[in-house]
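The file run-v6.tsv contains TSV, C-alpha atoms:
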chain	number	residue	atom	x	y	z
A	10	MET	CA	-12.05	-15.26	-8.78
A	11	THR	CA	-9.48	-15.09	-5.99
A	12	VAL	CA	-6.62	-15.56	-8.45
A	13	GLY	CA	-7.89	-12.60	-10.47
A	14	PHE	CA	-8.31	-10.54	-7.29
A	15	LEU	CA	-4.81	-11.46	-6.16
A	16	ILE	CA	-3.11	-10.52	-9.44
A	17	ALA	CA	-5.19	-7.34	-9.85
A	18	SER	CA	-4.50	-6.20	-6.27
A	19	ALA	CA	-0.74	-6.81	-6.55
A	20	PHE	CA	-0.73	-5.11	-9.97
A	21	LEU	CA	-2.60	-1.98	-8.83
A	22	ALA	CA	-0.69	-1.55	-5.56
A	23	SER	CA	2.65	-2.09	-7.29
A	24	ALA	CA	1.80	0.25	-10.18
A	25	VAL	CA	1.13	3.10	-7.73
A	26	GLU	CA	4.47	2.55	-5.99
A	27	PHE	CA	6.39	2.17	-9.27
A	28	VAL	CA	4.94	5.45	-10.57
A	29	GLU	CA	6.26	7.17	-7.43
A	30	ALA	CA	9.67	5.48	-7.74
A	31	LEU	CA	9.87	6.45	-11.43
A	32	THR	CA	9.30	10.11	-10.54
A	33	ILE	CA	12.30	10.04	-8.17
A	34	VAL	CA	14.58	8.14	-10.59
A	35	LEU	CA	13.70	10.58	-13.39
A	36	ALA	CA	14.30	13.62	-11.18
A	37	ALA	CA	17.71	12.22	-10.11
A	38	GLY	CA	18.63	11.17	-13.66
A	39	LEU	CA	17.73	14.43	-15.37
A	40	THR	CA	19.45	16.67	-12.82
A	41	ARG	CA	22.40	14.62	-11.50
A	42	GLY	CA	23.13	12.30	-14.43
A	43	TRP	CA	21.71	8.96	-15.55
A	44	ARG	CA	24.72	6.88	-14.50
A	45	SER	CA	24.30	7.62	-10.77
A	46	SER	CA	20.50	7.44	-10.91
A	47	LEU	CA	20.46	4.08	-12.72
A	48	ALA	CA	23.18	2.71	-10.40
A	49	GLY	CA	20.94	3.67	-7.44
A	50	LEU	CA	17.98	1.97	-9.12
A	51	GLY	CA	20.04	-1.18	-9.75
A	52	ALA	CA	21.42	-1.35	-6.19
A	53	ALA	CA	17.93	-0.90	-4.69
A	54	THR	CA	16.53	-3.60	-7.00
A	55	VAL	CA	19.21	-6.06	-5.84
A	56	ALA	CA	18.49	-5.21	-2.16
A	57	LEU	CA	14.74	-5.72	-2.72
A	58	ALA	CA	15.26	-9.03	-4.52
A	59	ALA	CA	17.38	-10.23	-1.56
A	60	ILE	CA	14.64	-9.21	0.92
A	61	VAL	CA	11.89	-11.00	-1.05
A	62	ALA	CA	14.10	-14.08	-1.58
A	63	ALA	CA	14.86	-14.27	2.15
A	64	LEU	CA	11.39	-13.56	3.54
A	65	GLY	CA	9.19	-15.25	0.93
A	66	PRO	CA	10.21	-18.89	1.52
A	67	ALA	CA	10.48	-18.30	5.30
A	68	LEU	CA	6.81	-17.24	5.44
A	69	THR	CA	5.65	-20.42	3.70
A	70	LEU	CA	6.83	-22.35	6.79
A	71	VAL	CA	4.34	-20.52	9.06
A	72	PRO	CA	0.94	-22.29	9.57
A	73	ILE	CA	-1.61	-20.75	7.19
A	74	ASP	CA	-4.12	-19.61	9.88
A	75	ALA	CA	-1.43	-17.83	11.92
A	76	LEU	CA	-0.07	-16.30	8.72
A	77	ARG	CA	-3.51	-15.09	7.61
A	78	LEU	CA	-4.15	-13.58	11.04
A	79	VAL	CA	-0.89	-11.59	11.05
A	80	VAL	CA	-1.00	-10.72	7.35
A	81	GLY	CA	-4.71	-9.84	7.56
A	82	ALA	CA	-4.13	-7.56	10.54
A	83	LEU	CA	-1.19	-5.83	8.82
A	84	LEU	CA	-3.10	-5.43	5.55
A	85	LEU	CA	-6.14	-4.11	7.38
A	86	ALA	CA	-4.14	-1.48	9.30
A	87	PHE	CA	-2.19	-0.59	6.15
A	88	GLY	CA	-5.26	-0.70	3.86
A	89	LEU	CA	-7.34	1.50	6.17
A	90	GLN	CA	-4.59	4.14	5.99
A	91	TRP	CA	-4.73	4.16	2.20
A	92	LEU	CA	-8.52	4.17	2.19
A	93	ARG	CA	-8.72	6.96	4.74
A	94	LYS	CA	-6.32	9.16	2.74
A	95	ALA	CA	-8.10	8.35	-0.55
A	96	ILE	CA	-11.49	9.25	0.96
A	97	LEU	CA	-10.10	12.51	2.37
A	98	ARG	CA	-8.60	13.35	-1.05
A	99	ALA	CA	-11.78	12.45	-2.94
A	100	SER	CA	-13.89	14.59	-0.61
A	101	GLY	CA	-11.53	17.60	-0.79
A	102	TYR	CA	-10.16	17.40	2.76
A	103	LYS	CA	-6.64	16.51	1.59
A	104	ALA	CA	-4.64	17.77	-1.41
A	105	LEU	CA	-4.51	15.43	-4.39
A	106	HIS	CA	-1.24	13.60	-4.99
A	107	ASP	CA	0.47	15.41	-7.87
A	108	GLU	CA	3.41	13.63	-9.55
A	109	GLY	CA	4.22	16.73	-11.65
A	110	GLU	CA	4.59	18.87	-8.54
A	111	ILE	CA	6.65	16.22	-6.72
A	112	PHE	CA	8.90	15.86	-9.79
A	113	ALA	CA	9.52	19.64	-9.91
A	114	ARG	CA	10.31	19.74	-6.17
A	115	GLU	CA	12.68	16.74	-6.36
A	116	GLN	CA	14.44	18.31	-9.36
A	117	ALA	CA	14.86	21.67	-7.59
A	118	GLU	CA	16.32	19.94	-4.49
A	119	ALA	CA	18.61	17.79	-6.64
A	120	ARG	CA	19.91	20.84	-8.54
A	121	ALA	CA	20.59	22.74	-5.31
A	122	ALA	CA	22.51	19.88	-3.66
A	123	ALA	CA	26.32	19.99	-3.67
A	124	GLY	CA	28.21	17.57	-5.90
A	125	GLU	CA	30.28	14.79	-4.29
A	126	LEU	CA	31.91	11.95	-6.18
A	127	ARG	CA	32.16	8.53	-4.57
A	128	ALA	CA	33.20	5.40	-6.47
A	129	GLY	CA	32.93	7.48	-9.65
A	130	LEU	CA	29.27	8.22	-9.00
A	131	ASP	CA	27.48	11.43	-8.12
A	132	TRP	CA	26.59	10.47	-4.54
A	133	TYR	CA	23.48	12.64	-4.23
A	134	GLY	CA	21.97	11.25	-7.43
A	135	PHE	CA	22.81	7.68	-6.39
A	136	THR	CA	21.37	7.92	-2.87
A	137	LEU	CA	18.26	9.84	-4.01
A	138	SER	CA	17.48	7.14	-6.56
A	139	PHE	CA	18.48	4.26	-4.22
A	140	LYS	CA	16.40	5.47	-1.25
A	141	GLY	CA	13.38	6.32	-3.41
A	142	VAL	CA	13.32	2.94	-5.14
A	143	LEU	CA	14.08	1.02	-1.93
A	144	LEU	CA	11.33	2.68	0.09
A	145	GLU	CA	8.68	2.44	-2.64
A	146	GLY	CA	9.90	-1.05	-3.49
A	147	LEU	CA	9.65	-2.19	0.14
A	148	GLU	CA	5.93	-1.45	-0.02
A	149	VAL	CA	5.67	-3.54	-3.20
A	150	ALA	CA	7.69	-6.34	-1.56
A	151	PHE	CA	5.44	-6.21	1.51
A	152	ILE	CA	2.31	-6.48	-0.65
A	153	VAL	CA	3.69	-9.28	-2.83
A	154	ILE	CA	4.93	-11.32	0.14
A	155	THR	CA	1.83	-10.85	2.31
A	156	PHE	CA	-0.75	-11.28	-0.45
A	157	GLY	CA	1.12	-14.18	-1.99
A	158	SER	CA	1.87	-16.08	1.21
A	159	ALA	CA	-1.64	-15.69	2.69
A	160	GLN	CA	-3.14	-16.95	-0.55
A	161	GLY	CA	-0.48	-19.64	-0.97
A	162	SER	CA	0.96	-18.22	-4.18
A	163	ILE	CA	3.75	-15.67	-4.02
A	164	GLY	CA	4.33	-16.33	-7.74
A	165	LEU	CA	0.91	-14.97	-8.76
A	166	ALA	CA	1.34	-11.84	-6.63
A	167	ALA	CA	4.83	-11.37	-8.08
A	168	LEU	CA	3.32	-11.76	-11.56
A	169	GLY	CA	0.93	-8.86	-10.89
A	170	ALA	CA	3.81	-6.72	-9.59
A	171	GLY	CA	6.03	-7.72	-12.52
A	172	ILE	CA	3.40	-6.68	-15.08
A	173	ALA	CA	3.10	-3.32	-13.29
A	174	LEU	CA	6.89	-2.87	-13.31
A	175	VAL	CA	7.21	-3.58	-17.04
A	176	LEU	CA	4.25	-1.36	-17.89
A	177	VAL	CA	5.37	1.62	-15.78
A	178	ALA	CA	9.00	1.30	-16.96
A	179	ALA	CA	7.93	1.09	-20.62
A	180	VAL	CA	5.64	4.12	-20.35
A	181	GLY	CA	8.34	5.98	-18.38
A	182	VAL	CA	10.95	5.36	-21.10
A	183	TYR	CA	8.40	6.36	-23.76
A	184	VAL	CA	7.31	9.68	-22.21
A	185	ARG	CA	10.64	10.48	-20.49
A	186	GLY	CA	8.81	12.41	-17.82
A	187	PRO	CA	6.73	11.83	-14.67
A	188	LEU	CA	3.52	9.93	-15.35
A	189	THR	CA	1.19	12.81	-14.55
A	190	ARG	CA	-1.67	11.39	-16.60
A	191	VAL	CA	-1.91	8.23	-14.55
A	192	PRO	CA	-5.04	8.58	-12.41
A	193	GLU	CA	-2.94	7.96	-9.31
A	194	ASN	CA	-5.55	9.06	-6.80
A	195	THR	CA	-8.15	6.76	-8.34
A	196	LEU	CA	-5.61	3.91	-8.31
A	197	LYS	CA	-4.83	4.59	-4.65
A	198	PHE	CA	-8.54	4.48	-3.86
A	199	ALA	CA	-8.83	1.10	-5.61
A	200	VAL	CA	-5.75	-0.22	-3.78
A	201	GLY	CA	-7.08	0.96	-0.41
A	202	VAL	CA	-10.38	-0.83	-1.10
A	203	MET	CA	-8.62	-4.08	-2.10
A	204	LEU	CA	-6.14	-4.08	0.80
A	205	THR	CA	-8.98	-3.47	3.26
A	206	THR	CA	-11.11	-6.20	1.66
A	207	PHE	CA	-8.33	-8.81	1.87
A	208	GLY	CA	-7.41	-7.58	5.35
A	209	ILE	CA	-10.98	-8.10	6.64
A	210	PHE	CA	-11.28	-11.49	4.95
A	211	TRP	CA	-7.97	-12.97	6.06
A	212	SER	CA	-7.84	-11.59	9.58
A	213	ALA	CA	-11.36	-12.90	10.31
A	214	GLU	CA	-10.37	-16.34	8.94
A	215	GLY	CA	-7.09	-16.28	10.83
A	216	ALA	CA	-8.96	-15.37	14.04
A	217	GLY	CA	-11.08	-18.51	13.65
A	218	ALA	CA	-14.26	-17.17	11.98
A	219	HIS	CA	-15.64	-18.87	8.87
A	220	TRP	CA	-17.09	-16.83	6.03
A	221	PRO	CA	-20.40	-18.03	4.58
A	222	GLY	CA	-19.44	-19.68	1.29
A	223	ASP	CA	-15.72	-19.37	2.10
A	224	GLU	CA	-13.86	-17.50	-0.67
A	225	ALA	CA	-17.12	-16.90	-2.55
A	226	SER	CA	-17.87	-14.20	0.06
A	227	LEU	CA	-14.86	-12.09	-1.04
A	228	PRO	CA	-16.89	-10.16	-3.67
A	229	ALA	CA	-19.50	-9.38	-0.98
A	230	VAL	CA	-16.78	-8.03	1.34
A	231	LEU	CA	-15.42	-5.99	-1.59
A	232	ALA	CA	-18.89	-4.58	-2.33
A	233	PHE	CA	-19.32	-3.68	1.35
A	234	VAL	CA	-16.00	-1.78	1.43
A	235	VAL	CA	-16.80	0.02	-1.85
A	236	LEU	CA	-20.24	1.10	-0.58
A	237	LEU	CA	-18.82	2.16	2.77
A	238	SER	CA	-16.12	4.27	1.06
A	239	ALA	CA	-18.57	5.83	-1.41
A	240	ALA	CA	-20.92	6.73	1.46
A	241	ALA	CA	-18.00	8.26	3.39
A	242	VAL	CA	-16.93	10.38	0.39
A	243	ALA	CA	-20.51	11.58	-0.20
A	244	SER	CA	-21.03	12.40	3.47
A	245	LEU	CA	-17.71	14.30	3.80
A	246	ARG	CA	-18.35	16.24	0.58
A	247	ARG	CA	-21.77	17.32	1.86
A	248	ARG	CA	-20.23	18.32	5.15
A	249	ARG	CA	-17.44	20.32	3.49
A	250	LEU	CA	-19.91	22.16	1.27
A	251	ALA	CA	-22.16	22.89	4.24
A	252	PHE	CA	-19.25	24.51	6.11
A	253	ALA	CA	-17.85	26.30	3.02
B	28	MET	CA	17.59	1.21	13.70
B	29	ARG	CA	15.44	4.07	14.96
B	30	ARG	CA	14.79	5.23	11.39
B	31	LEU	CA	13.85	1.69	10.39
B	32	GLY	CA	11.42	1.51	13.31
B	33	ARG	CA	9.99	4.86	12.31
B	34	PHE	CA	9.55	3.63	8.71
B	35	TRP	CA	7.63	0.53	9.80
B	36	TRP	CA	5.51	2.54	12.24
B	37	ASP	CA	4.56	5.03	9.50
B	38	PHE	CA	4.07	2.19	7.07
B	39	VAL	CA	1.71	0.07	9.17
B	40	VAL	CA	0.19	2.45	11.73
B	41	GLY	CA	0.41	5.79	9.91
B	42	ASP	CA	-1.33	9.00	10.93
B	43	ASP	CA	-4.01	7.51	13.15
B	44	TRP	CA	-2.80	5.02	15.75
B	45	ARG	CA	-6.32	4.79	17.17
B	46	ALA	CA	-7.49	3.12	13.95
B	47	ALA	CA	-4.71	0.50	14.28
B	48	VAL	CA	-5.70	-0.12	17.91
B	49	GLY	CA	-9.37	-0.40	16.85
B	50	VAL	CA	-8.45	-3.00	14.24
B	51	ALA	CA	-6.38	-4.98	16.79
B	52	VAL	CA	-9.24	-4.94	19.34
B	53	ALA	CA	-11.78	-6.05	16.69
B	54	ILE	CA	-9.56	-8.94	15.58
B	55	GLY	CA	-9.07	-9.95	19.23
B	56	ALA	CA	-12.84	-9.87	19.80
B	57	THR	CA	-13.38	-11.98	16.66
B	58	ALA	CA	-10.88	-14.54	17.95
B	59	GLY	CA	-12.49	-14.50	21.41
B	60	LEU	CA	-15.98	-15.10	20.02
B	61	ALA	CA	-14.69	-17.81	17.68
B	62	ALA	CA	-13.03	-19.56	20.65
B	63	ALA	CA	-16.39	-19.39	22.48
B	64	GLY	CA	-18.07	-21.13	19.54
B	65	VAL	CA	-19.63	-18.03	17.88
B	66	ASN	CA	-18.97	-17.71	14.16
B	67	SER	CA	-18.17	-13.99	14.27
B	68	TRP	CA	-17.36	-13.27	10.58
B	69	TRP	CA	-19.75	-10.27	10.72
B	70	LEU	CA	-17.84	-8.48	13.47
B	71	LEU	CA	-14.82	-7.24	11.47
B	72	PRO	CA	-16.77	-5.55	8.65
B	73	LEU	CA	-18.86	-3.68	11.24
B	74	ALA	CA	-15.78	-2.77	13.28
B	75	VAL	CA	-13.94	-1.55	10.17
B	76	ALA	CA	-16.93	0.66	9.27
B	77	ALA	CA	-16.94	2.16	12.78
B	78	VAL	CA	-13.14	2.65	12.92
B	79	LEU	CA	-13.07	4.27	9.47
B	80	TRP	CA	-15.94	6.65	10.23
B	81	LEU	CA	-14.42	7.71	13.55
B	82	SER	CA	-11.01	8.23	11.96
B	83	LEU	CA	-12.50	10.28	9.10
B	84	ALA	CA	-14.55	12.34	11.54
B	85	ARG	CA	-11.37	13.21	13.47
B	86	ALA	CA	-9.42	14.04	10.31
B	87	SER	CA	-12.14	16.27	8.87
B	88	ARG	CA	-12.80	18.27	12.04

Any chance you could give the structure as structure tokens?
Amino acid sequence: MTVGFLIASAFLASAVEFVEALTIVLAAGLTRGWRSSLAGLGAATVALAAIVAALGPALTLVPIDALRLVVGALLLAFGLQWLRKAILRASGYKALHDEGEIFAREQAEARAAAGELRAGLDWYGFTLSFKGVLLEGLEVAFIVITFGSAQGSIGLAALGAGIALVLVAAVGVYVRGPLTRVPENTLKFAVGVMLTTFGIFWSAEGAGAHWPGDEASLPAVLAFVVLLSAAAVASLRRRRLAFA
Amino acid sequence: MRRLGRFWWDFVVGDDWRAAVGVAVAIGATAGLAAAGVNSWWLLPLAVAAVLWLSLARASR
């Protein structure tokens, strides 16, 4: 059960970030040239691999309870942010994330920027792609390292992220455009729920509490977070309609 | 360095620092109760519910 949760959580969280990174790489590639955009993508991928390779093994040396406490606290703070935004979007208090709109804006900015050649590359296209992939990729790296190390299997978390990468890249090459049909807001809701669930579970364990039934209580924590989120969406929707 | 700090702050703490503080206090209370011999697994789910509701109430005002 936990293995499935772990892979699914890493897959969903990574897929969301890869969709955002793909939008930026496409915008840079189509407006400033593919050579610079793909060079930026490659350089960011190497930087991310170095970060994961350096931090991953180092974290396995930390005692598991201390690791779960820190990782749980980080995931909980991080997960609550996602959940909060997803609930505000679902209830109409925040604009929905629109990859098509972001793509158009990135393209307009990329077209307007001045051209500058460095090392034979269009520097704007390279840095736009590099920064976009690095920042989105850092979130993926954070999730893979924290999920994997707290559960004692960075490989399984990396597997989930790897499947997401291949899938998003394949669909991106196929459609040659931003993935506007991906239900990104629904995915973000699911990711917020999973991050919060793991955050609650691990930080309580790391703080010295023991869950009834140990890992068997994870589905109950998940159900609690889902019900809590659904109730929040329903309550905020009612409130918005009442004030409309 | 400042930009890196800003990135991590936005990444972990985000828009509502009070929610992050609430989470930290709840984890501290769980650890305190556990050290006193109370199995306080129930505290964090309740605290998360309270922190989330308060944060949403502020954001939707």

Can you tell me how far CA of Ile54 (chain B) sits from CA of Ala213 (chain A), in Å to one decimal?
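Computed distance, CA of Ile54 (chain B) to CA of Ala213 (chain A), equals 6.8 Å.
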
CA of Val39 (chain B) to CA of Ala225 (chain A), distance in Å rounded to a single decimal:
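We find that CA of Val39 (chain B) and CA of Ala225 (chain A) lie 27.9 Å from each other.
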
Can you work out which one of B:Leu71, B:Ala51, B:Leu79, B:Val65 has the shortest atom-to-atom distance to Ile209 (chain A), counting only C-alpha atoms?
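Using only C-alpha atoms, Ile209 (chain A) sits closest to B:Leu71.
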
Could you tell me how far CA of Val71 (chain A) lies from CA of Ala24 (chain A), in Å and to one decimal?
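That distance, rounded to one decimal, is 28.4 Å.
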
Please work out which residues fall within 8 Å of (-0.9, -12.3, 8.5), coordinates as given in the file, with all atoms listed in the file counting, and return them as a count of residues only.
15

Would you mind putting N, CA and C atoms back on region 45-70 of chain B and writing the result as a compact mmCIF listing (two decimals), in the frame of the given file?
# COMPACT_ATOMS: atom_id res chain seq x y z
N ARG B 45 -5.07 5.29 16.57
CA ARG B 45 -6.32 4.79 17.17
C ARG B 45 -6.99 3.78 16.23
N ALA B 46 -6.88 4.04 14.92
CA ALA B 46 -7.49 3.12 13.95
C ALA B 46 -6.79 1.76 14.02
N ALA B 47 -5.45 1.77 14.17
CA ALA B 47 -4.71 0.50 14.28
C ALA B 47 -5.11 -0.24 15.55
N VAL B 48 -5.29 0.50 16.65
CA VAL B 48 -5.70 -0.12 17.91
C VAL B 48 -7.12 -0.70 17.75
N GLY B 49 -7.99 0.07 17.09
CA GLY B 49 -9.37 -0.40 16.85
C GLY B 49 -9.39 -1.70 16.07
N VAL B 50 -8.54 -1.78 15.05
CA VAL B 50 -8.45 -3.00 14.24
C VAL B 50 -7.97 -4.16 15.11
N ALA B 51 -6.94 -3.91 15.93
CA ALA B 51 -6.38 -4.98 16.79
C ALA B 51 -7.43 -5.48 17.78
N VAL B 52 -8.20 -4.55 18.38
CA VAL B 52 -9.24 -4.94 19.34
C VAL B 52 -10.33 -5.77 18.64
N ALA B 53 -10.72 -5.34 17.43
CA ALA B 53 -11.78 -6.05 16.69
C ALA B 53 -11.33 -7.46 16.32
N ILE B 54 -10.06 -7.60 15.93
CA ILE B 54 -9.56 -8.94 15.58
C ILE B 54 -9.50 -9.82 16.84
N GLY B 55 -9.09 -9.21 17.96
CA GLY B 55 -9.07 -9.95 19.23
C GLY B 55 -10.46 -10.41 19.63
N ALA B 56 -11.45 -9.52 19.45
CA ALA B 56 -12.84 -9.87 19.80
C ALA B 56 -13.35 -10.98 18.90
N THR B 57 -12.97 -10.92 17.60
CA THR B 57 -13.38 -11.98 16.66
C THR B 57 -12.81 -13.32 17.11
N ALA B 58 -11.53 -13.30 17.49
CA ALA B 58 -10.88 -14.54 17.95
C ALA B 58 -11.53 -15.05 19.24
N GLY B 59 -11.86 -14.11 20.15
CA GLY B 59 -12.49 -14.50 21.41
C GLY B 59 -13.85 -15.15 21.19
N LEU B 60 -14.66 -14.54 20.32
CA LEU B 60 -15.98 -15.10 20.02
C LEU B 60 -15.86 -16.45 19.32
N ALA B 61 -14.88 -16.54 18.39
CA ALA B 61 -14.69 -17.81 17.68
C ALA B 61 -14.29 -18.92 18.67
N ALA B 62 -13.44 -18.57 19.64
CA ALA B 62 -13.03 -19.56 20.65
C ALA B 62 -14.20 -19.99 21.51
N ALA B 63 -15.20 -19.07 21.67
CA ALA B 63 -16.39 -19.39 22.48
C ALA B 63 -17.45 -20.10 21.64
N GLY B 64 -17.14 -20.38 20.39
CA GLY B 64 -18.07 -21.13 19.54
C GLY B 64 -19.00 -20.27 18.70
N VAL B 65 -18.79 -18.93 18.69
CA VAL B 65 -19.63 -18.03 17.88
C VAL B 65 -18.92 -17.74 16.57
N ASN B 66 -19.59 -18.00 15.46
CA ASN B 66 -18.97 -17.71 14.16
C ASN B 66 -19.12 -16.21 13.88
N SER B 67 -18.08 -15.46 14.22
CA SER B 67 -18.17 -13.99 14.27
C SER B 67 -17.61 -13.31 13.03
N TRP B 68 -17.87 -13.87 11.82
CA TRP B 68 -17.36 -13.27 10.58
C TRP B 68 -17.90 -11.86 10.37
N TRP B 69 -19.08 -11.56 10.91
CA TRP B 69 -19.75 -10.27 10.72
C TRP B 69 -19.11 -9.14 11.54
N LEU B 70 -18.34 -9.51 12.56
CA LEU B 70 -17.84 -8.48 13.47
C LEU B 70 -16.83 -7.53 12.81
